[in-house]
file query38.csv (CSV, C-alpha atoms and all ligand atoms)
chain,number,residue,atom,x,y,z
D,1438,MET,CA,17.5,22.9,-33.3
D,1439,TYR,CA,16.6,21.3,-30.0
D,1440,ARG,CA,16.5,17.5,-29.8
D,1441,VAL,CA,14.3,15.1,-27.9
D,1442,MET,CA,14.6,11.3,-27.8
D,1443,ILE,CA,11.5,9.2,-27.6
D,1444,GLN,CA,12.4,5.6,-27.2
D,1445,PRO,CA,10.0,2.6,-26.7
D,1446,SER,CA,11.1,0.8,-23.5
D,1447,ASP,CA,9.9,-1.1,-20.4
D,1448,TYR,CA,11.5,-1.3,-17.0
D,1449,ALA,CA,13.3,-4.6,-17.8
D,1450,ASN,CA,15.2,-3.2,-20.8
D,1451,ILE,CA,15.4,0.5,-19.8
D,1452,SER,CA,19.3,0.4,-19.7
D,1453,LYS,CA,19.1,0.3,-23.5
D,1454,ALA,CA,17.2,3.6,-23.5
D,1455,VAL,CA,19.7,5.0,-21.0
D,1456,GLU,CA,22.6,4.0,-23.2
D,1457,ARG,CA,21.0,5.7,-26.2
D,1458,ALA,CA,20.4,8.8,-24.2
D,1459,PHE,CA,24.0,9.1,-23.3
D,1460,GLU,CA,25.0,8.5,-27.0
D,1461,LEU,CA,22.7,11.2,-28.2
D,1462,PHE,CA,23.4,13.7,-25.5
D,1463,PRO,CA,27.0,13.1,-24.4
D,1464,VAL,CA,28.0,14.6,-21.1
D,1465,GLN,CA,31.5,14.7,-19.8
D,1466,ILE,CA,31.5,12.6,-16.6
D,1467,LYS,CA,35.1,11.5,-16.2
D,1468,ALA,CA,36.7,12.9,-13.1
D,1469,ARG,CA,33.8,15.2,-12.4
D,1470,LYS,CA,31.3,15.5,-9.5
D,1471,VAL,CA,28.0,14.1,-10.6
D,1472,LEU,CA,24.5,14.4,-8.9
D,1473,ILE,CA,21.6,12.3,-10.1
D,1474,LYS,CA,18.3,13.7,-9.1
D,1475,PRO,CA,15.2,11.5,-9.4
D,1476,ASN,CA,11.7,12.8,-8.7
D,1477,VAL,CA,10.9,11.6,-5.1
D,1478,LEU,CA,7.7,13.5,-4.3
D,1479,ARG,CA,7.1,11.5,-1.1
D,1480,SER,CA,7.2,8.1,0.5
D,1481,SER,CA,5.1,5.7,-1.6
D,1482,ASP,CA,5.0,2.2,-3.0
D,1483,VAL,CA,6.7,2.0,-6.3
D,1484,ASN,CA,3.6,0.6,-7.9
D,1485,GLU,CA,1.8,3.9,-7.1
D,1486,GLY,CA,3.9,5.5,-9.9
D,1487,ILE,CA,4.4,8.7,-7.9
D,1488,VAL,CA,8.2,8.7,-8.1
D,1489,THR,CA,10.8,7.9,-10.8
D,1490,ASN,CA,10.9,4.2,-11.1
D,1491,PRO,CA,14.0,2.6,-9.5
D,1492,ALA,CA,14.8,0.6,-12.7
D,1493,LEU,CA,15.6,3.9,-14.4
D,1494,LEU,CA,17.7,5.2,-11.5
D,1495,ARG,CA,19.7,2.0,-11.3
D,1496,ALA,CA,20.4,2.0,-15.0
D,1497,VAL,CA,21.6,5.6,-14.9
D,1498,VAL,CA,23.8,5.0,-11.8
D,1499,GLU,CA,25.4,2.0,-13.5
D,1500,LYS,CA,26.0,3.9,-16.7
D,1501,VAL,CA,27.6,6.8,-14.8
D,1502,GLU,CA,29.8,4.3,-12.8
D,1503,THR,CA,31.3,3.1,-16.1
D,1504,LEU,CA,32.2,6.7,-17.0
D,1505,LYS,CA,34.4,7.1,-13.9
D,1506,PRO,CA,33.2,10.2,-12.2
D,1507,ALA,CA,35.2,11.8,-9.4
D,1508,SER,CA,32.2,11.4,-7.2
D,1509,LEU,CA,28.6,10.4,-7.5
D,1510,ILE,CA,25.6,11.4,-5.3
D,1511,VAL,CA,22.0,10.4,-5.7
D,1512,GLY,CA,19.6,12.7,-3.9
D,1513,ASP,CA,16.4,14.6,-3.8
D,1514,ASN,CA,14.3,16.7,-1.4
D,1515,PRO,CA,10.9,15.0,-1.0
D,1516,GLY,CA,8.0,17.3,0.0
D,1517,LEU,CA,7.4,16.1,3.5
D,1518,MET,CA,9.1,18.2,6.2
D,1519,SER,CA,9.9,15.9,9.1
D,1520,TYR,CA,12.9,14.1,10.5
D,1521,GLY,CA,13.8,11.0,8.5
D,1522,ALA,CA,11.4,11.7,5.7
D,1523,ASN,CA,14.1,11.8,3.1
D,1524,GLU,CA,15.5,8.4,4.0
D,1525,GLN,CA,12.0,6.9,4.4
D,1526,SER,CA,11.0,8.2,0.9
D,1527,PHE,CA,14.0,6.6,-0.7
D,1528,GLU,CA,13.6,3.3,1.2
D,1529,LYS,CA,9.9,2.8,0.6
D,1530,THR,CA,10.0,3.6,-3.1
D,1531,GLY,CA,13.0,1.2,-3.7
D,1532,LEU,CA,15.1,4.1,-4.8
D,1533,MET,CA,17.6,3.6,-1.9
D,1534,ASP,CA,18.4,0.2,-3.2
D,1535,ALA,CA,18.6,1.4,-6.8
D,1536,ALA,CA,21.0,4.2,-5.7
D,1537,LYS,CA,23.4,1.6,-4.5
D,1538,ASP,CA,25.8,3.3,-2.1
D,1539,TYR,CA,25.5,6.7,-3.6
D,1540,TYR,CA,22.4,8.0,-1.8
D,1541,ARG,CA,22.8,11.1,0.3
D,1542,ASN,CA,20.3,13.2,2.2
D,1543,ILE,CA,21.0,16.4,0.3
D,1544,GLY,CA,18.5,18.3,2.4
D,1545,ASN,CA,21.0,18.3,5.4
D,1546,GLU,CA,23.3,20.9,4.0
D,1547,SER,CA,22.3,24.0,2.0
D,1548,ALA,CA,23.7,27.1,0.4
D,1549,GLU,CA,22.0,30.5,0.4
D,1550,ILE,CA,21.6,31.6,-3.2
D,1551,LYS,CA,20.4,35.0,-4.5
D,1552,PHE,CA,16.9,34.8,-5.9
D,1553,ASN,CA,14.3,36.9,-7.7
D,1554,PRO,CA,13.6,39.6,-5.1
D,1555,GLU,CA,10.0,39.8,-6.3
D,1556,PHE,CA,9.5,36.6,-4.4
D,1557,MET,CA,12.5,36.3,-2.0
D,1558,PRO,CA,15.9,38.0,-1.9
D,1559,SER,CA,17.6,34.5,-1.4
D,1560,VAL,CA,16.7,30.9,-1.2
D,1561,SER,CA,18.3,27.8,0.4
D,1562,VAL,CA,19.4,25.2,-2.2
D,1563,SER,CA,21.0,21.9,-1.4
D,1564,ARG,CA,24.8,22.3,-1.3
D,1565,ALA,CA,25.2,19.1,-3.3
D,1566,VAL,CA,23.4,20.8,-6.2
D,1567,MET,CA,25.6,23.8,-6.2
D,1568,ASP,CA,28.8,21.7,-5.8
D,1569,ALA,CA,28.0,19.3,-8.7
D,1570,ASP,CA,29.8,19.6,-12.0
D,1571,VAL,CA,27.1,17.6,-13.7
D,1572,ILE,CA,23.5,17.1,-12.8
D,1573,ILE,CA,21.4,14.4,-14.4
D,1574,SER,CA,17.6,14.9,-13.8
D,1575,LEU,CA,15.2,12.0,-13.9
D,1576,PRO,CA,11.7,13.3,-14.0
D,1577,LYS,CA,8.5,11.2,-14.0
D,1578,PHE,CA,5.9,11.6,-16.7
D,1579,LYS,CA,3.0,13.0,-14.7
D,1580,THR,CA,0.3,15.5,-14.6
D,1581,HIS,CA,0.2,18.3,-12.1
D,1582,GLY,CA,-2.8,20.2,-10.9
D,1583,LEU,CA,-1.0,23.5,-10.7
D,1584,THR,CA,1.3,23.3,-13.8
D,1585,VAL,CA,-0.6,20.8,-15.8
D,1586,ILE,CA,2.5,18.7,-16.4
D,1587,THR,CA,5.4,17.9,-14.1
D,1588,GLY,CA,8.5,17.2,-16.1
D,1589,ALA,CA,12.0,18.6,-16.6
D,1590,ILE,CA,11.5,22.1,-15.3
D,1591,LYS,CA,9.3,21.2,-12.3
D,1592,ASN,CA,11.7,18.4,-11.2
D,1593,SER,CA,14.2,21.1,-10.3
D,1594,TYR,CA,11.9,22.5,-7.6
D,1595,GLY,CA,13.3,19.6,-5.5
D,1596,ILE,CA,16.8,21.2,-5.4
D,1597,MET,CA,15.5,23.1,-2.4
D,1598,PRO,CA,14.9,21.4,1.0
D,1599,GLY,CA,11.2,20.9,2.0
D,1600,ALA,CA,10.7,23.9,4.2
D,1601,GLN,CA,12.2,26.2,1.6
D,1602,LYS,CA,9.8,24.8,-1.0
D,1603,ALA,CA,6.8,25.6,1.2
D,1604,ALA,CA,8.1,29.1,1.9
D,1605,LEU,CA,8.4,29.8,-1.8
D,1606,HIS,CA,4.9,28.5,-2.4
D,1607,LYS,CA,3.7,31.0,0.2
D,1608,ALA,CA,5.8,33.8,-1.4
D,1609,ALA,CA,4.3,33.0,-4.8
D,1610,GLY,CA,0.9,33.6,-3.3
D,1611,ASN,CA,-1.1,32.4,-6.2
D,1612,PRO,CA,-0.9,29.7,-9.0
D,1613,ALA,CA,0.0,32.1,-11.8
D,1614,ARG,CA,3.0,33.4,-9.9
D,1615,PHE,CA,4.1,29.9,-9.0
D,1616,HIS,CA,4.7,29.3,-12.7
D,1617,ASP,CA,7.3,32.1,-12.6
D,1618,VAL,CA,8.8,30.7,-9.4
D,1619,ILE,CA,9.5,27.2,-10.8
D,1620,VAL,CA,11.3,28.7,-13.8
D,1621,ASP,CA,13.3,31.0,-11.5
D,1622,VAL,CA,14.3,28.0,-9.4
D,1623,PHE,CA,15.2,26.0,-12.5
D,1624,MET,CA,17.5,28.8,-13.6
D,1625,ILE,CA,19.6,28.6,-10.4
D,1626,ARG,CA,21.2,25.5,-11.8
D,1627,PRO,CA,19.8,23.9,-14.9
D,1628,PRO,CA,20.6,20.2,-15.1
D,1629,ASP,CA,22.9,18.9,-18.0
D,1630,LEU,CA,20.8,15.9,-19.0
D,1631,PHE,CA,17.2,14.8,-18.5
D,1632,ILE,CA,16.0,11.2,-18.8
D,1633,VAL,CA,12.2,10.8,-18.2
D,1634,ASP,CA,10.5,7.7,-16.8
D,1635,ALA,CA,7.5,7.5,-19.2
D,1636,VAL,CA,7.2,3.7,-19.1
D,1637,VAL,CA,4.3,4.1,-16.7
D,1638,GLY,CA,2.9,7.6,-16.6
D,1639,MET,CA,0.3,9.4,-14.5
D,1640,GLU,CA,-2.8,11.1,-15.7
D,1641,GLY,CA,-5.7,12.8,-14.1
D,1642,ASN,CA,-5.3,14.6,-10.7
D,1643,GLY,CA,-1.5,14.5,-10.5
D,1644,PRO,CA,1.2,14.6,-9.2
D,1645,ALA,CA,-0.1,11.9,-6.8
D,1646,SER,CA,-3.1,10.5,-8.7
D,1647,PRO,CA,-4.1,6.9,-8.6
D,1648,ASP,CA,-4.7,7.0,-12.4
D,1649,LEU,CA,-1.7,5.4,-14.0
D,1650,ARG,CA,-1.2,4.8,-17.7
D,1651,ASP,CA,1.1,2.4,-19.6
D,1652,ILE,CA,3.0,4.5,-22.0
D,1653,GLY,CA,6.1,2.4,-22.7
D,1654,LEU,CA,8.5,5.2,-23.4
D,1655,THR,CA,11.8,6.7,-22.1
D,1656,LEU,CA,12.4,10.3,-23.1
D,1657,ALA,CA,15.6,12.3,-23.0
D,1658,SER,CA,17.0,15.6,-23.9
D,1659,ASP,CA,19.6,18.2,-22.9
D,1660,ASN,CA,17.0,21.0,-23.2
D,1661,ALA,CA,14.2,21.1,-20.6
D,1662,VAL,CA,11.8,23.4,-22.5
D,1663,ALA,CA,11.9,21.2,-25.6
D,1664,LEU,CA,11.5,18.1,-23.4
D,1665,ASP,CA,8.5,19.5,-21.5
D,1666,SER,CA,6.9,20.6,-24.7
D,1667,VAL,CA,7.1,17.0,-26.0
D,1668,ILE,CA,5.7,15.7,-22.7
D,1669,ALA,CA,2.8,18.2,-23.0
D,1670,THR,CA,2.2,17.2,-26.7
D,1671,LEU,CA,2.2,13.5,-25.8
D,1672,MET,CA,-0.5,14.4,-23.2
D,1673,GLY,CA,-2.6,16.1,-25.8
D,1674,CYS,CA,-1.9,19.6,-24.5
D,1675,ASP,CA,-0.6,22.5,-26.5
D,1676,PRO,CA,2.7,23.5,-24.8
D,1677,ALA,CA,2.3,27.1,-26.0
D,1678,GLN,CA,-0.6,27.4,-23.5
D,1679,LEU,CA,1.5,26.5,-20.4
D,1680,LEU,CA,2.5,29.6,-18.5
D,1681,PHE,CA,5.8,28.2,-17.2
D,1682,LEU,CA,6.9,27.3,-20.7
D,1683,GLN,CA,6.0,30.8,-21.9
D,1684,LYS,CA,8.1,32.2,-19.1
D,1685,ALA,CA,10.9,29.7,-19.8
D,1686,LYS,CA,11.0,30.8,-23.5
D,1687,LYS,CA,11.0,34.5,-22.6
D,1688,SER,CA,14.0,33.7,-20.3
D,1689,GLY,CA,15.9,32.2,-23.2
D,1690,LEU,CA,15.9,28.6,-21.9
D,1691,GLY,CA,14.5,27.1,-25.1
D,1692,ASP,CA,11.4,26.9,-27.3
D,1693,TYR,CA,8.1,25.1,-27.3
D,1694,ASP,CA,7.7,25.6,-31.0
D,1695,MET,CA,7.6,22.0,-32.3
D,1696,ASN,CA,9.1,23.1,-35.6
D,1697,LYS,CA,12.3,23.9,-33.7
D,1698,ILE,CA,12.4,20.5,-32.0
D,1699,GLU,CA,13.9,17.5,-33.7
D,1700,ILE,CA,12.1,14.3,-32.5
D,1701,ILE,CA,14.4,11.3,-32.4
D,1702,GLY,CA,11.7,8.6,-32.5
D,1703,GLN,CA,8.0,8.8,-32.9
D,1704,LEU,CA,5.8,11.5,-31.3
D,1705,ASN,CA,2.3,10.1,-31.1
D,1706,PRO,CA,-0.1,11.9,-28.7
D,1707,ILE,CA,-1.6,9.4,-26.2
D,1708,PRO,CA,-5.3,8.9,-27.0
D,1709,ASN,CA,-7.8,10.3,-24.5
D,1710,PHE,CA,-5.1,11.3,-22.0
D,1711,LYS,CA,-6.7,12.7,-18.9
D,1712,LEU,CA,-5.3,16.1,-18.0
D,1713,PRO,CA,-5.8,17.5,-14.4
D,1714,PRO,CA,-9.4,18.5,-13.7
D,1715,MET,CA,-8.7,22.2,-13.5
D,1716,SER,CA,-7.1,22.3,-16.9
D,1717,GLY,CA,-9.1,19.7,-18.8
D,1718,ASP,CA,-10.9,21.5,-21.6
D,1719,ALA,CA,-9.8,24.9,-20.2
D,1720,ILE,CA,-6.2,24.4,-21.3
D,1721,PHE,CA,-7.4,25.0,-24.9
D,1722,SER,CA,-8.9,28.3,-23.9
D,1723,ASN,CA,-6.3,30.9,-23.0
D,1724,LEU,CA,-8.8,33.2,-21.4
D,1725,THR,CA,-10.2,30.4,-19.2
D,1726,ILE,CA,-6.8,29.2,-17.9
D,1727,GLN,CA,-5.7,32.7,-17.2
D,1728,GLU,CA,-8.8,33.2,-15.2
D,1729,ILE,CA,-8.1,30.0,-13.3
D,1730,MET,CA,-4.5,31.0,-12.7
D,1731,THR,CA,-5.4,34.3,-11.3
D,1732,GLN,CA,-8.0,32.8,-9.0
D,1733,LYS,CA,-11.0,34.5,-10.6
D,1734,ILE,CA,-12.2,30.9,-10.5
D,1735,MET,CA,-11.4,29.8,-6.9
D,1736,LEU,CA,-9.9,26.3,-6.4
D,1737,ARG,CA,-10.0,24.9,-2.9
D,1738,PRO,CA,-9.0,21.5,-1.4
D,1739,LYS,CA,-11.9,19.1,-0.9
D,1740,VAL,CA,-11.4,16.1,1.4
D,1741,ASP,CA,-13.2,12.8,0.7
D,1742,GLY,CA,-14.3,11.7,4.2
D,1743,ASP,CA,-14.5,8.1,3.1
D,1744,LEU,CA,-10.8,8.0,2.1
D,1745,CYS,CA,-9.3,10.3,4.8
D,1746,SER,CA,-7.6,8.4,7.6
D,1747,GLY,CA,-7.3,11.6,9.8
D,1748,CYS,CA,-3.5,11.3,9.8
D,1749,GLY,CA,-3.1,15.1,9.8
D,1750,THR,CA,-0.2,15.2,7.3
D,1751,CYS,CA,-2.0,17.8,5.2
D,1752,VAL,CA,-2.5,20.1,8.2
D,1753,ASP,CA,1.2,19.8,9.1
D,1754,GLN,CA,2.4,20.5,5.5
D,1755,CYS,CA,0.2,23.5,4.6
D,1756,PRO,CA,2.6,26.4,4.2
D,1757,VAL,CA,0.0,29.0,5.3
D,1758,SER,CA,-1.8,27.1,8.0
D,1759,ALA,CA,-5.0,27.1,6.1
D,1760,LEU,CA,-6.0,23.6,7.3
D,1761,SER,CA,-7.1,22.5,10.7
D,1762,MET,CA,-8.7,19.3,12.0
D,1763,ALA,CA,-12.4,19.3,13.1
D,1764,ASP,CA,-14.3,16.1,13.8
D,1765,SER,CA,-11.2,14.2,12.6
D,1766,LEU,CA,-11.4,15.7,9.1
D,1767,PRO,CA,-9.3,18.5,7.7
D,1768,GLN,CA,-11.1,21.8,7.2
D,1769,VAL,CA,-9.9,24.5,4.9
D,1770,ASP,CA,-9.9,28.2,5.6
D,1771,PRO,CA,-10.7,29.6,2.1
D,1772,GLU,CA,-9.4,33.0,3.0
D,1773,LYS,CA,-5.9,31.7,3.9
D,1774,CYS,CA,-5.6,29.0,1.2
D,1775,ILE,CA,-3.2,29.9,-1.7
D,1776,THR,CA,-4.1,26.9,-3.8
D,1777,CYS,CA,-0.6,25.5,-3.7
D,1778,PHE,CA,-1.7,21.8,-4.0
D,1779,CYS,CA,0.8,20.8,-1.3
D,1780,CYS,CA,-1.9,19.0,0.8
D,1781,GLN,CA,-3.1,17.1,-2.2
D,1782,GLU,CA,0.5,16.1,-3.2
D,1783,MET,CA,1.3,14.8,0.3
D,1784,CYS,CA,-2.0,13.0,1.2
D,1785,PRO,CA,-1.1,9.3,1.4
D,1786,GLU,CA,-4.7,8.3,0.9
D,1787,HIS,CA,-5.4,10.3,-2.3
D,1788,ALA,CA,-8.2,11.9,-0.3
D,1789,ILE,CA,-7.8,15.5,-1.4
D,1790,THR,CA,-8.9,17.0,-4.7
D,1791,LEU,CA,-8.9,20.6,-5.7
D,1792,ARG,CA,-12.4,21.7,-6.7
A,1801,LIG,S1,-3.3,13.9,4.6
A,1801,LIG,FE1,-5.1,12.9,3.6
A,1801,LIG,S2,-5.6,11.2,5.0
A,1801,LIG,FE2,-4.3,12.6,6.1
A,1801,LIG,S3,-5.7,14.0,7.2
A,1801,LIG,FE3,-5.2,15.0,5.3
A,1801,LIG,S4,-6.8,14.4,3.9
A,1801,LIG,FE4,-6.9,12.9,5.6
A,1802,LIG,S1,-5.0,24.1,2.1
A,1802,LIG,FE1,-3.8,22.9,0.6
A,1802,LIG,S2,-3.9,24.0,-1.3
A,1802,LIG,FE2,-4.6,25.5,0.3
A,1802,LIG,S3,-2.7,26.5,0.9
A,1802,LIG,FE3,-2.9,24.8,2.3
A,1802,LIG,S4,-1.7,23.1,1.4
A,1802,LIG,FE4,-2.0,24.7,-0.2
call {"tool": "encode", "arguments": {"input": "query38.csv", "output": "structure tokens"}}
result
Amino acid sequence: MYRVMIQPSDYANISKAVERAFELFPVQIKARKVLIKPNVLRSSDVNEGIVTNPALLRAVVEKVETLKPASLIVGDNPGLMSYGANEQSFEKTGLMDAAKDYYRNIGNESAEIKFNPEFMPSVSVSRAVMDADVIISLPKFKTHGLTVITGAIKNSYGIMPGAQKAALHKAAGNPARFHDVIVDVFMIRPPDLFIVDAVVGMEGNGPASPDLRDIGLTLASDNAVALDSVIATLMGCDPAQLLFLQKAKKSGLGDYDMNKIEIIGQLNPIPNFKLPPMSGDAIFSNLTIQEIMTQKIMLRPKVDGDLCSGCGTCVDQCPVSALSMADSLPQVDPEKCITCFCCQEMCPEHAITLR
């Protein structure tokens, strides 16, 4: 039986939920090398709810300190690929302060790891990830336009430095194959414990949507498939419909069958939770979502000219150079676009939607 904790909490008392998570899912920390990996998608204000809240990170850091690890690192690989982006992302979100003195730019040093040759023979993974004895993953409760939810499995995509993430998006080539990729990346080094910031969650056009939702929960588990299944269920989405969970189950990582998951707490689906626009009602129709995923229904970025500041970030970040500026607005080449959602994730003005 897999187990998932669902604990009511707010940011002021989140250390109680962290304490409970460590009681329920004990991890041997003493004299071991520990890495804590929050979800730091990009530089943003903490109130935007795009990243793991600093209150959760601080509570986990302070808990781990009491358990006397040999070493402790806090790090992630945000999406933006530019000098100083890692530090800026941690500073602006308040995560640098919450990490105390344990922050490290884990994107600076990487190891080459064998990968699924269907996509790439090898990938670069942060060396701190491969060196850690214990990894504690701190996902954020959010929707995601490509994978519907971004939780425990998707948080591990950040074990790779930014340029490698973009290259794998390109190698995946289409949204359906990207579901396989995120599971393959997760399997490189599955974390040992997951604690999810679901105090304030994100709905709608995630993972950088302006639609936040007060949920008031902290979730935890030592099994990513069970945990993501609970996140999906809370969002009102059938986990059995999610392609990456299907792949994860086939790969022996766990199960989305709720009869095989013990809930420690109350599992009450959130009323009228807004799923990403591309899934919406389609998530309940296997045929339709398969069509979307194989691009029979073509999704392409659409820029809102009233919101766009013309910063050019999306053009710089597109892994296949499908965007270019014309009249100060990004234009997409539909023949080149692989619907990876990177431009939408990185746009600081929330100006891009996938239509
Ligand atoms: S990242 Fe957003 S604001 Fe910047 S150019 Fe692209 S659409 Fe406009
Ligand atoms: S235009 Fe946007 S969605 Fe299309 S490939 Fe580039 S970054 Fe990805």
call {"tool": "closest_atom_pairs", "arguments": {"input": "query38.csv", "of": "chain D", "to": "ligand LIG 1802 (chain A)", "cutoff": "8 Å", "atoms": "only C-alpha atoms and all ligand atoms", "output": "JSON lines"}}
result
{"residue": "D:Lys1607", "atom": "CA", "partner": "A:LIG1802", "partner_atom": "S3", "distance": 7.9}
{"residue": "D:Arg1737", "atom": "CA", "partner": "A:LIG1802", "partner_atom": "FE2", "distance": 6.3}
{"residue": "D:Pro1738", "atom": "CA", "partner": "A:LIG1802", "partner_atom": "S2", "distance": 5.7}
{"residue": "D:Cys1751", "atom": "CA", "partner": "A:LIG1802", "partner_atom": "S4", "distance": 6.5}
{"residue": "D:Val1752", "atom": "CA", "partner": "A:LIG1802", "partner_atom": "S4", "distance": 7.5}
{"residue": "D:Gln1754", "atom": "CA", "partner": "A:LIG1802", "partner_atom": "S4", "distance": 6.4}
{"residue": "D:Cys1755", "atom": "CA", "partner": "A:LIG1802", "partner_atom": "S4", "distance": 3.7}
{"residue": "D:Pro1756", "atom": "CA", "partner": "A:LIG1802", "partner_atom": "FE3", "distance": 6.0}
{"residue": "D:Val1757", "atom": "CA", "partner": "A:LIG1802", "partner_atom": "S3", "distance": 5.7}
{"residue": "D:Ser1758", "atom": "CA", "partner": "A:LIG1802", "partner_atom": "FE3", "distance": 6.2}
{"residue": "D:Ala1759", "atom": "CA", "partner": "A:LIG1802", "partner_atom": "FE3", "distance": 4.9}
{"residue": "D:Leu1760", "atom": "CA", "partner": "A:LIG1802", "partner_atom": "S1", "distance": 5.3}
{"residue": "D:Val1769", "atom": "CA", "partner": "A:LIG1802", "partner_atom": "S1", "distance": 5.7}
{"residue": "D:Asp1770", "atom": "CA", "partner": "A:LIG1802", "partner_atom": "S1", "distance": 7.3}
{"residue": "D:Pro1771", "atom": "CA", "partner": "A:LIG1802", "partner_atom": "FE2", "distance": 7.6}
{"residue": "D:Lys1773", "atom": "CA", "partner": "A:LIG1802", "partner_atom": "S3", "distance": 6.8}
{"residue": "D:Cys1774", "atom": "CA", "partner": "A:LIG1802", "partner_atom": "FE2", "distance": 3.7}
{"residue": "D:Ile1775", "atom": "CA", "partner": "A:LIG1802", "partner_atom": "S3", "distance": 4.3}
{"residue": "D:Thr1776", "atom": "CA", "partner": "A:LIG1802", "partner_atom": "S2", "distance": 3.8}
{"residue": "D:Cys1777", "atom": "CA", "partner": "A:LIG1802", "partner_atom": "FE4", "distance": 3.9}
{"residue": "D:Phe1778", "atom": "CA", "partner": "A:LIG1802", "partner_atom": "S2", "distance": 4.1}
{"residue": "D:Cys1779", "atom": "CA", "partner": "A:LIG1802", "partner_atom": "S4", "distance": 4.3}
{"residue": "D:Cys1780", "atom": "CA", "partner": "A:LIG1802", "partner_atom": "S4", "distance": 4.1}
{"residue": "D:Gln1781", "atom": "CA", "partner": "A:LIG1802", "partner_atom": "FE1", "distance": 6.5}
{"residue": "D:Leu1791", "atom": "CA", "partner": "A:LIG1802", "partner_atom": "S2", "distance": 7.5}
call {"tool": "write_last_selection", "arguments": {"input": "query38.csv", "atoms": "C-alpha atoms", "output": "JSON list (two decimals), keeping the file's coordinate frame"}}
result
[["chain", "number", "residue", "atom", "x", "y", "z"],
["D", 1607, "LYS", "CA", 3.70, 31.00, 0.20],
["D", 1737, "ARG", "CA", -10.00, 24.90, -2.90],
["D", 1738, "PRO", "CA", -9.00, 21.50, -1.40],
["D", 1751, "CYS", "CA", -2.00, 17.80, 5.20],
["D", 1752, "VAL", "CA", -2.50, 20.10, 8.20],
["D", 1754, "GLN", "CA", 2.40, 20.50, 5.50],
["D", 1755, "CYS", "CA", 0.20, 23.50, 4.60],
["D", 1756, "PRO", "CA", 2.60, 26.40, 4.20],
["D", 1757, "VAL", "CA", 0.00, 29.00, 5.30],
["D", 1758, "SER", "CA", -1.80, 27.10, 8.00],
["D", 1759, "ALA", "CA", -5.00, 27.10, 6.10],
["D", 1760, "LEU", "CA", -6.00, 23.60, 7.30],
["D", 1769, "VAL", "CA", -9.90, 24.50, 4.90],
["D", 1770, "ASP", "CA", -9.90, 28.20, 5.60],
["D", 1771, "PRO", "CA", -10.70, 29.60, 2.10],
["D", 1773, "LYS", "CA", -5.90, 31.70, 3.90],
["D", 1774, "CYS", "CA", -5.60, 29.00, 1.20],
["D", 1775, "ILE", "CA", -3.20, 29.90, -1.70],
["D", 1776, "THR", "CA", -4.10, 26.90, -3.80],
["D", 1777, "CYS", "CA", -0.60, 25.50, -3.70],
["D", 1778, "PHE", "CA", -1.70, 21.80, -4.00],
["D", 1779, "CYS", "CA", 0.80, 20.80, -1.30],
["D", 1780, "CYS", "CA", -1.90, 19.00, 0.80],
["D", 1781, "GLN", "CA", -3.10, 17.10, -2.20],
["D", 1791, "LEU", "CA", -8.90, 20.60, -5.70]]
call {"tool": "residues_near_ligand", "arguments": {"input": "query38.csv", "ligand": "ligand LIG 1801 (chain A)", "cutoff": "9 Å", "atoms": "all atoms listed in the file", "output": "PyMOL selection string"}}
result
chain D and resi 1739-1742+1744-1754+1760+1762+1765-1767+1780-1789
call {"tool": "residues_around", "arguments": {"input": "query38.csv", "residues": "Glu1460 in chain D", "least_positions_apart": "4", "cutoff": "12 Å", "atoms": "only C-alpha atoms", "output": "PDB file with C-alpha atoms, keeping the file's coordinate frame"}}
result
ATOM      1  CA  MET D1442      14.600  11.300 -27.800  1.00  0.00           C
ATOM      2  CA  LYS D1453      19.100   0.300 -23.500  1.00  0.00           C
ATOM      3  CA  ALA D1454      17.200   3.600 -23.500  1.00  0.00           C
ATOM      4  CA  VAL D1455      19.700   5.000 -21.000  1.00  0.00           C
ATOM      5  CA  GLU D1456      22.600   4.000 -23.200  1.00  0.00           C
ATOM      6  CA  VAL D1464      28.000  14.600 -21.100  1.00  0.00           C
ATOM      7  CA  GLN D1465      31.500  14.700 -19.800  1.00  0.00           C
ATOM      8  CA  LYS D1500      26.000   3.900 -16.700  1.00  0.00           C
ATOM      9  CA  LEU D1630      20.800  15.900 -19.000  1.00  0.00           C
ATOM     10  CA  ALA D1657      15.600  12.300 -23.000  1.00  0.00           C
ATOM     11  CA  SER D1658      17.000  15.600 -23.900  1.00  0.00           C
ATOM     12  CA  ASP D1659      19.600  18.200 -22.900  1.00  0.00           C
TER      13      ASP D1659
END
call {"tool": "closest_atom_pairs", "arguments": {"input": "query38.csv", "of": "range 1524-1549 of chain D", "to": "range 1595-1600 of chain D", "cutoff": "10 Å", "atoms": "all atoms listed in the file", "output": "Markdown table"}}
result
| residue | atom | partner | partner_atom | distance |
| --- | --- | --- | --- | --- |
| D:Asn1542 | CA | D:Pro1598 | CA | 9.9 |
| D:Ile1543 | CA | D:Pro1598 | CA | 7.9 |
| D:Gly1544 | CA | D:Pro1598 | CA | 5.0 |
| D:Asn1545 | CA | D:Pro1598 | CA | 8.1 |
| D:Glu1546 | CA | D:Pro1598 | CA | 8.9 |
| D:Ser1547 | CA | D:Pro1598 | CA | 7.9 |
| D:Ala1548 | CA | D:Met1597 | CA | 9.5 |
call {"tool": "atom_distance", "arguments": {"input": "query38.csv", "atom1": "CA of Phe1623 in chain D", "atom2": "CA of Arg1457 in chain D"}}
result
25.2 Å
